[in-house]
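Structure first, commentary second.
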Amino acid sequence: MIAGHLQEKHGIYYIVLSYKDSAGKRHTPWFSTDLPVRNNKKRAEAMLLEMRKSYVPPMDEPEDEPKGEIDDLLFSDFLQQWLLVAKSTIRLTTYASYAGLMKSSILPYFAEKGYLLKNLTAKNLQDYYTIQLDRVSANTVIHYHAIIHRALKYAVKMDMITGNPADKVERPKKDKFIGSFFDSKEINKLFAQIEGDTLEVPIKIGAFYGLRRSEILGLKWDAIDFDNNTITIRHTVTACNLDGKHVEVVGDTTKTKSSLRTLPLVPDFRELLLWKKAEQQRYRKLCGRSYCTQYLDYICVNEMGQRLKPNTLSAGFKRMLKKAGLRDIRLHDLRHSCASLLLANGVPMKQIQEWLGHSDFSTTANIYAHLDYQSKVSSAEAMLAGLGMGS
């Protein structure tokens with residue numbers, strides 16, 4: 001197992017490996033864990049151990065041999081090797097996403113082409129993107145590009161190639177996303193339909209607080225402060241396909257630092273959660289030993305105490321829409337509905353960013369600028385005043 005240690009830099013843990021090549025020269029490559037130093041030492045140490053076990057140093061090229069292993073390395077084979085190294089440096093859900101996109105499109109294409117890593121050109125990549133644009137959306141191709149670019153960046157760092165051909169390609173323009181959303185009448189109609197149902201709490205909380213699905217399912221009772229009337233978003237439950245299996249990934253950290261947020265527990269939702277807590281206790285007593293005690297910390301569980309699965313929540317939401325006679329939208333569109341209602345009632349975009357837990361203001365502005373009707377009314381009134389028009 002290769003040697004290595006953790007190093008702190010700019011408040012982030014870095015993995016520093018150490019090995020000697022065949023000529024006796026020592027190499028000490030650095031890899032960011034993307035983990036803040038505070039409260040993450042154990043997780044960083046686990047990532048260090050995993051990388052020390054899986055890291056494969058770049059092959060030397062002895063001068064007395066006309067060819068080395070890197071000379072014959074197919075780009076598709078390199079991508080698989082890189083993915084194993086990257087696994088210990090990224091979130092499990094990110095790794096699952098990378099692996100899925102690799103398997104479905106990237107690896108089959110480049111394996112068939114037989115390009116060598118050392119001979120890969122920007123034109124090879126551009127041709128691949130052009131072909132894929134006839135099959136999938138521009139946003140999906142951008143994801144392909146992100147994976148390929150990151151892998152080739154690693155190849156440059158390891159001196160396997162001299163430059164990154166992905167730097168030269170023309171990345172497709174990202175499709176502008178406009179989410180669907182319900183107005184206040186539709187939200188109230190939905191709330192009336194789900195009253196008393198197992199899905200009442202997750203759907204209502206998702207709509208009112210604009211939570212992501214992972215944040216809804218990750219809510220625990222210790223996140224609710226009934227004394228100070230606050231609700232803290234800090235746990236997540238995410239589903240992904242990993243090595244051919246559907247798994248749930250539980251995290252005690254949110255998507256980004258900004259996603260960790262504390263919101264006011266308003267009276268209506270305080271009463272709803274107190275009712276839910278009492279209901280869980282009632283079902284536990286009623287079911288006895290049949291009640292699942294594994295998820296007692298969680299808020300969103302069914303009558304038998306089992307934590308709601310991501311797909312169960314999404315599918316149940318669709319059923320509720322149909323029962324209520326409402327148009328079909330995604331569960332995530334409740335988040336957009338929350339933002340649209342906040343905007344319609346004069347809440348500034350900056351406050352909406354903080355409410356939704358976006359990492360930066362531009363994310364909020366780009367997604368919801370088209371809904372900011374009130375600012376357009378103000379602009380129209382300013383123009384009328386400036387031109388001396390109107391009453």
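Note on naming: chains are A, B, ... as they come in the structure tokens, residues start from 1 per chain, ligands start from 1 in the order shown.
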
Which of range 73-281 of chain A end up as strand (DSSP E) when DSSP is run on this backbone - answer as a PyMOL selection string? chain A and resi 224-225+230-233+236-242+245-251+261-264

Grab the residues selected above and save them as a compact mmCIF listing (two decimals), in the first residue's frame with N, CA, C and O atoms.
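Dumped to out26.txt:
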# COMPACT_ATOMS: atom_id res chain seq x y z
N ILE A 224 -35.69 19.33 14.75
CA ILE A 224 -36.84 20.16 15.12
C ILE A 224 -36.67 20.64 16.56
O ILE A 224 -36.57 19.85 17.49
N ASP A 225 -36.62 21.95 16.72
CA ASP A 225 -36.51 22.55 18.06
C ASP A 225 -37.87 23.15 18.41
O ASP A 225 -38.21 24.25 17.97
N THR A 230 -37.69 26.19 15.56
CA THR A 230 -36.82 26.20 14.38
C THR A 230 -36.76 24.80 13.77
O THR A 230 -37.01 23.80 14.45
N ILE A 231 -36.44 24.75 12.49
CA ILE A 231 -36.24 23.50 11.78
C ILE A 231 -34.91 23.61 11.04
O ILE A 231 -34.71 24.56 10.28
N THR A 232 -34.00 22.69 11.27
CA THR A 232 -32.66 22.77 10.68
C THR A 232 -32.49 21.68 9.63
O THR A 232 -32.76 20.50 9.89
N ILE A 233 -32.06 22.08 8.46
CA ILE A 233 -31.85 21.14 7.35
C ILE A 233 -30.39 20.74 7.34
O ILE A 233 -29.52 21.53 7.00
N THR A 236 -29.55 14.19 4.79
CA THR A 236 -30.11 13.85 3.48
C THR A 236 -30.20 12.34 3.30
O THR A 236 -29.42 11.58 3.89
N VAL A 237 -31.15 11.93 2.46
CA VAL A 237 -31.26 10.54 2.03
C VAL A 237 -31.42 10.57 0.51
O VAL A 237 -32.39 11.13 0.00
N THR A 238 -30.46 9.97 -0.20
CA THR A 238 -30.45 10.01 -1.66
C THR A 238 -30.41 8.60 -2.22
O THR A 238 -29.76 7.72 -1.65
N ALA A 239 -31.09 8.39 -3.34
CA ALA A 239 -31.08 7.09 -4.01
C ALA A 239 -30.18 7.16 -5.23
O ALA A 239 -30.10 8.17 -5.91
N CYS A 240 -29.47 6.05 -5.48
CA CYS A 240 -28.64 5.98 -6.69
C CYS A 240 -28.43 4.52 -7.06
O CYS A 240 -28.65 3.61 -6.25
N ASN A 241 -28.00 4.29 -8.30
CA ASN A 241 -27.66 2.95 -8.76
C ASN A 241 -26.15 2.79 -8.69
O ASN A 241 -25.40 3.53 -9.33
N LEU A 242 -25.71 1.82 -7.90
CA LEU A 242 -24.28 1.62 -7.66
C LEU A 242 -23.92 0.18 -7.94
O LEU A 242 -24.44 -0.74 -7.30
N LYS A 245 -26.79 -2.13 -8.40
CA LYS A 245 -27.75 -2.23 -7.30
C LYS A 245 -28.32 -0.86 -6.97
O LYS A 245 -27.62 0.15 -7.03
N HIS A 246 -29.61 -0.84 -6.62
CA HIS A 246 -30.26 0.40 -6.20
C HIS A 246 -30.02 0.56 -4.70
O HIS A 246 -30.43 -0.28 -3.90
N VAL A 247 -29.32 1.63 -4.33
CA VAL A 247 -28.97 1.84 -2.92
C VAL A 247 -29.40 3.23 -2.47
O VAL A 247 -29.61 4.14 -3.27
N GLU A 248 -29.55 3.35 -1.15
CA GLU A 248 -29.85 4.65 -0.54
C GLU A 248 -28.62 5.12 0.22
O GLU A 248 -28.02 4.36 0.98
N VAL A 249 -28.26 6.37 -0.02
CA VAL A 249 -27.08 6.95 0.61
C VAL A 249 -27.54 7.95 1.66
O VAL A 249 -28.21 8.93 1.34
N VAL A 250 -27.20 7.70 2.91
CA VAL A 250 -27.59 8.57 4.01
C VAL A 250 -26.41 9.46 4.36
O VAL A 250 -25.29 8.99 4.53
N GLY A 251 -26.66 10.76 4.44
CA GLY A 251 -25.58 11.70 4.74
C GLY A 251 -25.94 12.64 5.87
O GLY A 251 -27.10 13.06 6.00
N ARG A 261 -29.07 24.91 6.68
CA ARG A 261 -29.76 26.15 7.03
C ARG A 261 -30.79 25.89 8.12
O ARG A 261 -31.29 24.77 8.26
N THR A 262 -31.09 26.92 8.88
CA THR A 262 -32.11 26.85 9.92
C THR A 262 -33.25 27.78 9.55
O THR A 262 -33.04 28.96 9.27
N LEU A 263 -34.47 27.24 9.55
CA LEU A 263 -35.66 27.98 9.13
C LEU A 263 -36.65 28.04 10.29
O LEU A 263 -36.63 27.20 11.19
N PRO A 264 -37.54 29.04 10.27
CA PRO A 264 -38.52 29.15 11.36
C PRO A 264 -39.59 28.06 11.28
O PRO A 264 -40.08 27.74 10.20

Please list as JSON, numbers by chain every residue within 9 Å of range 123-125 of chain A, counting only C-alpha atoms and excluding residues in the same chain fewer than 5 positions away. {"A": [115, 130, 145, 148, 165, 166, 168, 169]}

Given only C-alpha atoms as the counted atoms, nearest of A:Thr198, A:Ser104, A:Ser54, A:Ser214 to Lys87 in chain A: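 So, comparing all the options, the nearest one is A:Ser54.
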
Please, which residues of range 36-114 of chain A, numbered as in this document, come out helix (DSSP H, G or I) from DSSP, as a PyMOL selection string? chain A and resi 41-54+70-72+75-89+92-113

Residue among A:Lys53, A:His10, A:His235, A:Lys204 lying closest to Asp222 in chain A, counting only C-alpha atoms: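 Nearest candidate to Asp222 in chain A out of A:Lys53, A:His10, A:His235, A:Lys204: A:His235.
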
Nearest to Met158 in chain A by atom-to-atom distance, counting only C-alpha atoms, from A:Leu313, A:Ala192, A:Val266, A:Val56: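 That would be A:Val56, the residue with the smallest distance to Met158 in chain A.
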
Just the residues within 12 Å of Asn188 in chain A, please, counting only C-alpha atoms, with nothing from its chain fewer than 5 positions along; format it as a PDB file with C-alpha atoms, in the first residue's frame.
ATOM      1  CA  PHE A 182     -48.357  25.443  -8.716  1.00  0.00           C
ATOM      2  CA  ASP A 183     -50.059  28.652  -7.671  1.00  0.00           C
ATOM      3  CA  GLN A 193     -56.216  16.049  -0.661  1.00  0.00           C
ATOM      4  CA  ILE A 194     -53.313  14.705   1.402  1.00  0.00           C
ATOM      5  CA  GLU A 195     -54.657  15.593   4.851  1.00  0.00           C
ATOM      6  CA  ILE A 203     -45.330  16.895   0.779  1.00  0.00           C
ATOM      7  CA  LYS A 204     -46.428  19.841   2.908  1.00  0.00           C
ATOM      8  CA  ALA A 207     -43.887  22.702  -0.608  1.00  0.00           C
ATOM      9  CA  PHE A 208     -43.748  25.210   2.247  1.00  0.00           C
ATOM     10  CA  LEU A 321     -52.045  14.826  -7.926  1.00  0.00           C
ATOM     11  CA  ALA A 324     -56.906  15.811  -6.526  1.00  0.00           C
ATOM     12  CA  LEU A 326     -54.362  18.518 -10.489  1.00  0.00           C
ATOM     13  CA  SER A 337     -43.703  26.535  -6.479  1.00  0.00           C
TER      14      SER A 337
END

Just want the 10 Å neighbourhood of range 81-84 of chain A, counted on only C-alpha atoms, with same-chain residues fewer than 4 positions away dropped. Output as a ChimeraX atom specification. /A:51,54-56,75-77,88-89,95,98-99,102,147,150-152,154-155

Written file, previous selection with all heavy atoms, as a short mmCIF file (atom, residue, chain, number, x, y, z; two decimals), in the first residue's frame:
data_model
loop_
_atom_site.label_atom_id
_atom_site.label_comp_id
_atom_site.auth_asym_id
_atom_site.auth_seq_id
_atom_site.Cartn_x
_atom_site.Cartn_y
_atom_site.Cartn_z
N MET A 51 -7.67 5.81 -0.87
CA MET A 51 -6.80 6.21 -1.98
C MET A 51 -5.45 5.51 -1.90
O MET A 51 -4.88 5.13 -2.92
CB MET A 51 -6.63 7.73 -2.00
CG MET A 51 -5.69 8.19 -3.12
SD MET A 51 -5.74 9.97 -3.44
CE MET A 51 -7.13 10.06 -4.54
N SER A 54 -6.04 2.15 -3.42
CA SER A 54 -6.45 2.04 -4.82
C SER A 54 -5.56 2.79 -5.80
O SER A 54 -5.62 2.55 -7.01
CB SER A 54 -7.88 2.55 -4.97
OG SER A 54 -7.98 3.92 -4.60
N TYR A 55 -4.73 3.71 -5.28
CA TYR A 55 -3.95 4.55 -6.19
C TYR A 55 -2.92 3.73 -6.97
O TYR A 55 -2.19 2.91 -6.41
CB TYR A 55 -3.23 5.64 -5.41
CG TYR A 55 -2.41 6.58 -6.28
CD1 TYR A 55 -3.04 7.58 -7.02
CD2 TYR A 55 -1.03 6.46 -6.36
CE1 TYR A 55 -2.30 8.44 -7.83
CE2 TYR A 55 -0.28 7.31 -7.16
CZ TYR A 55 -0.93 8.30 -7.89
OH TYR A 55 -0.20 9.14 -8.69
N VAL A 56 -2.88 3.96 -8.27
CA VAL A 56 -1.91 3.29 -9.14
C VAL A 56 -1.00 4.36 -9.72
O VAL A 56 -1.43 5.18 -10.54
CB VAL A 56 -2.60 2.52 -10.28
CG1 VAL A 56 -1.55 1.85 -11.17
CG2 VAL A 56 -3.57 1.49 -9.72
N PHE A 75 -7.80 4.87 -24.37
CA PHE A 75 -8.49 5.93 -23.62
C PHE A 75 -9.62 5.34 -22.78
O PHE A 75 -9.82 5.74 -21.63
CB PHE A 75 -9.02 6.99 -24.58
CG PHE A 75 -9.80 8.09 -23.92
CD1 PHE A 75 -9.28 8.79 -22.85
CD2 PHE A 75 -11.08 8.42 -24.36
CE1 PHE A 75 -9.99 9.80 -22.22
CE2 PHE A 75 -11.80 9.43 -23.74
CZ PHE A 75 -11.26 10.12 -22.67
N SER A 76 -10.35 4.38 -23.34
CA SER A 76 -11.47 3.76 -22.60
C SER A 76 -10.96 3.02 -21.37
O SER A 76 -11.62 3.04 -20.32
CB SER A 76 -12.25 2.81 -23.52
OG SER A 76 -11.38 1.84 -24.09
N ASP A 77 -9.79 2.35 -21.48
CA ASP A 77 -9.22 1.65 -20.32
C ASP A 77 -8.74 2.66 -19.27
O ASP A 77 -8.89 2.43 -18.06
CB ASP A 77 -8.06 0.76 -20.74
CG ASP A 77 -8.52 -0.44 -21.55
OD1 ASP A 77 -9.72 -0.78 -21.47
OD2 ASP A 77 -7.69 -1.01 -22.27
N SER A 88 -12.60 7.56 -4.39
CA SER A 88 -12.30 7.93 -3.00
C SER A 88 -12.25 9.44 -2.78
O SER A 88 -12.08 9.88 -1.65
CB SER A 88 -10.97 7.30 -2.57
OG SER A 88 -9.91 7.81 -3.36
N THR A 89 -12.40 10.21 -3.85
CA THR A 89 -12.28 11.66 -3.72
C THR A 89 -13.60 12.40 -3.93
O THR A 89 -13.65 13.62 -3.81
CB THR A 89 -11.25 12.22 -4.72
OG1 THR A 89 -11.76 12.07 -6.06
CG2 THR A 89 -9.92 11.48 -4.62
N TYR A 95 -20.07 9.53 -7.64
CA TYR A 95 -19.41 8.38 -8.27
C TYR A 95 -20.43 7.52 -9.03
O TYR A 95 -20.17 7.08 -10.16
CB TYR A 95 -18.71 7.53 -7.21
CG TYR A 95 -18.27 6.18 -7.72
CD1 TYR A 95 -17.15 6.06 -8.54
CD2 TYR A 95 -19.00 5.02 -7.42
CE1 TYR A 95 -16.76 4.83 -9.04
CE2 TYR A 95 -18.62 3.79 -7.92
CZ TYR A 95 -17.50 3.69 -8.73
OH TYR A 95 -17.14 2.47 -9.23
N TYR A 98 -21.25 9.25 -12.25
CA TYR A 98 -20.14 9.10 -13.20
C TYR A 98 -20.14 7.71 -13.81
O TYR A 98 -20.01 7.54 -15.03
CB TYR A 98 -18.80 9.33 -12.48
CG TYR A 98 -18.43 10.77 -12.22
CD1 TYR A 98 -19.32 11.82 -12.46
CD2 TYR A 98 -17.18 11.10 -11.70
CE1 TYR A 98 -18.99 13.13 -12.20
CE2 TYR A 98 -16.82 12.43 -11.44
CZ TYR A 98 -17.72 13.44 -11.69
OH TYR A 98 -17.38 14.73 -11.44
N ALA A 99 -20.26 6.70 -12.94
CA ALA A 99 -20.21 5.31 -13.40
C ALA A 99 -21.35 5.00 -14.36
O ALA A 99 -21.16 4.30 -15.38
CB ALA A 99 -20.25 4.36 -12.20
N MET A 102 -20.68 6.74 -17.71
CA MET A 102 -19.58 6.04 -18.37
C MET A 102 -20.10 4.77 -19.06
O MET A 102 -19.81 4.53 -20.24
CB MET A 102 -18.52 5.65 -17.33
CG MET A 102 -17.64 6.80 -16.88
SD MET A 102 -16.12 6.85 -17.81
CE MET A 102 -15.03 7.53 -16.57
N ILE A 147 -17.02 14.87 -17.08
CA ILE A 147 -16.33 13.65 -16.66
C ILE A 147 -15.03 13.48 -17.44
O ILE A 147 -13.96 13.22 -16.87
CB ILE A 147 -17.24 12.42 -16.86
CG1 ILE A 147 -18.46 12.51 -15.93
CG2 ILE A 147 -16.47 11.13 -16.60
CD1 ILE A 147 -19.51 11.45 -16.20
N ARG A 150 -12.37 16.07 -16.49
CA ARG A 150 -11.76 15.80 -15.18
C ARG A 150 -10.79 14.63 -15.26
O ARG A 150 -9.71 14.67 -14.65
CB ARG A 150 -12.85 15.51 -14.16
CG ARG A 150 -12.32 15.29 -12.75
CD ARG A 150 -13.44 15.31 -11.72
NE ARG A 150 -12.90 15.11 -10.38
CZ ARG A 150 -13.59 15.27 -9.26
NH1 ARG A 150 -14.86 15.67 -9.32
NH2 ARG A 150 -13.03 15.06 -8.09
N ALA A 151 -11.15 13.60 -16.02
CA ALA A 151 -10.27 12.44 -16.16
C ALA A 151 -8.98 12.82 -16.87
O ALA A 151 -7.88 12.43 -16.45
CB ALA A 151 -11.00 11.34 -16.93
N LEU A 152 -9.09 13.60 -17.94
CA LEU A 152 -7.91 14.01 -18.69
C LEU A 152 -7.04 14.99 -17.90
O LEU A 152 -5.82 15.02 -18.05
CB LEU A 152 -8.33 14.61 -20.03
CG LEU A 152 -8.90 13.60 -21.03
CD1 LEU A 152 -9.48 14.32 -22.24
CD2 LEU A 152 -7.84 12.60 -21.47
N TYR A 154 -6.55 14.74 -14.78
CA TYR A 154 -5.77 13.83 -13.93
C TYR A 154 -4.62 13.22 -14.73
O TYR A 154 -3.49 13.08 -14.22
CB TYR A 154 -6.69 12.73 -13.40
CG TYR A 154 -5.97 11.60 -12.70
CD1 TYR A 154 -5.55 11.72 -11.38
CD2 TYR A 154 -5.73 10.39 -13.36
CE1 TYR A 154 -4.88 10.68 -10.74
CE2 TYR A 154 -5.08 9.35 -12.73
CZ TYR A 154 -4.66 9.50 -11.42
OH TYR A 154 -3.99 8.47 -10.78
N ALA A 155 -4.88 12.87 -15.99
CA ALA A 155 -3.83 12.29 -16.84
C ALA A 155 -2.67 13.27 -17.03
O ALA A 155 -1.50 12.88 -17.04
CB ALA A 155 -4.41 11.88 -18.18
#

Tell me which of A:Asp127, A:Glu271, A:Asp34, A:Asp21 sits closest to Arg171 in chain A, counting only C-alpha atoms.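 Closest to Arg171 in chain A of all the choices is A:Asp127.
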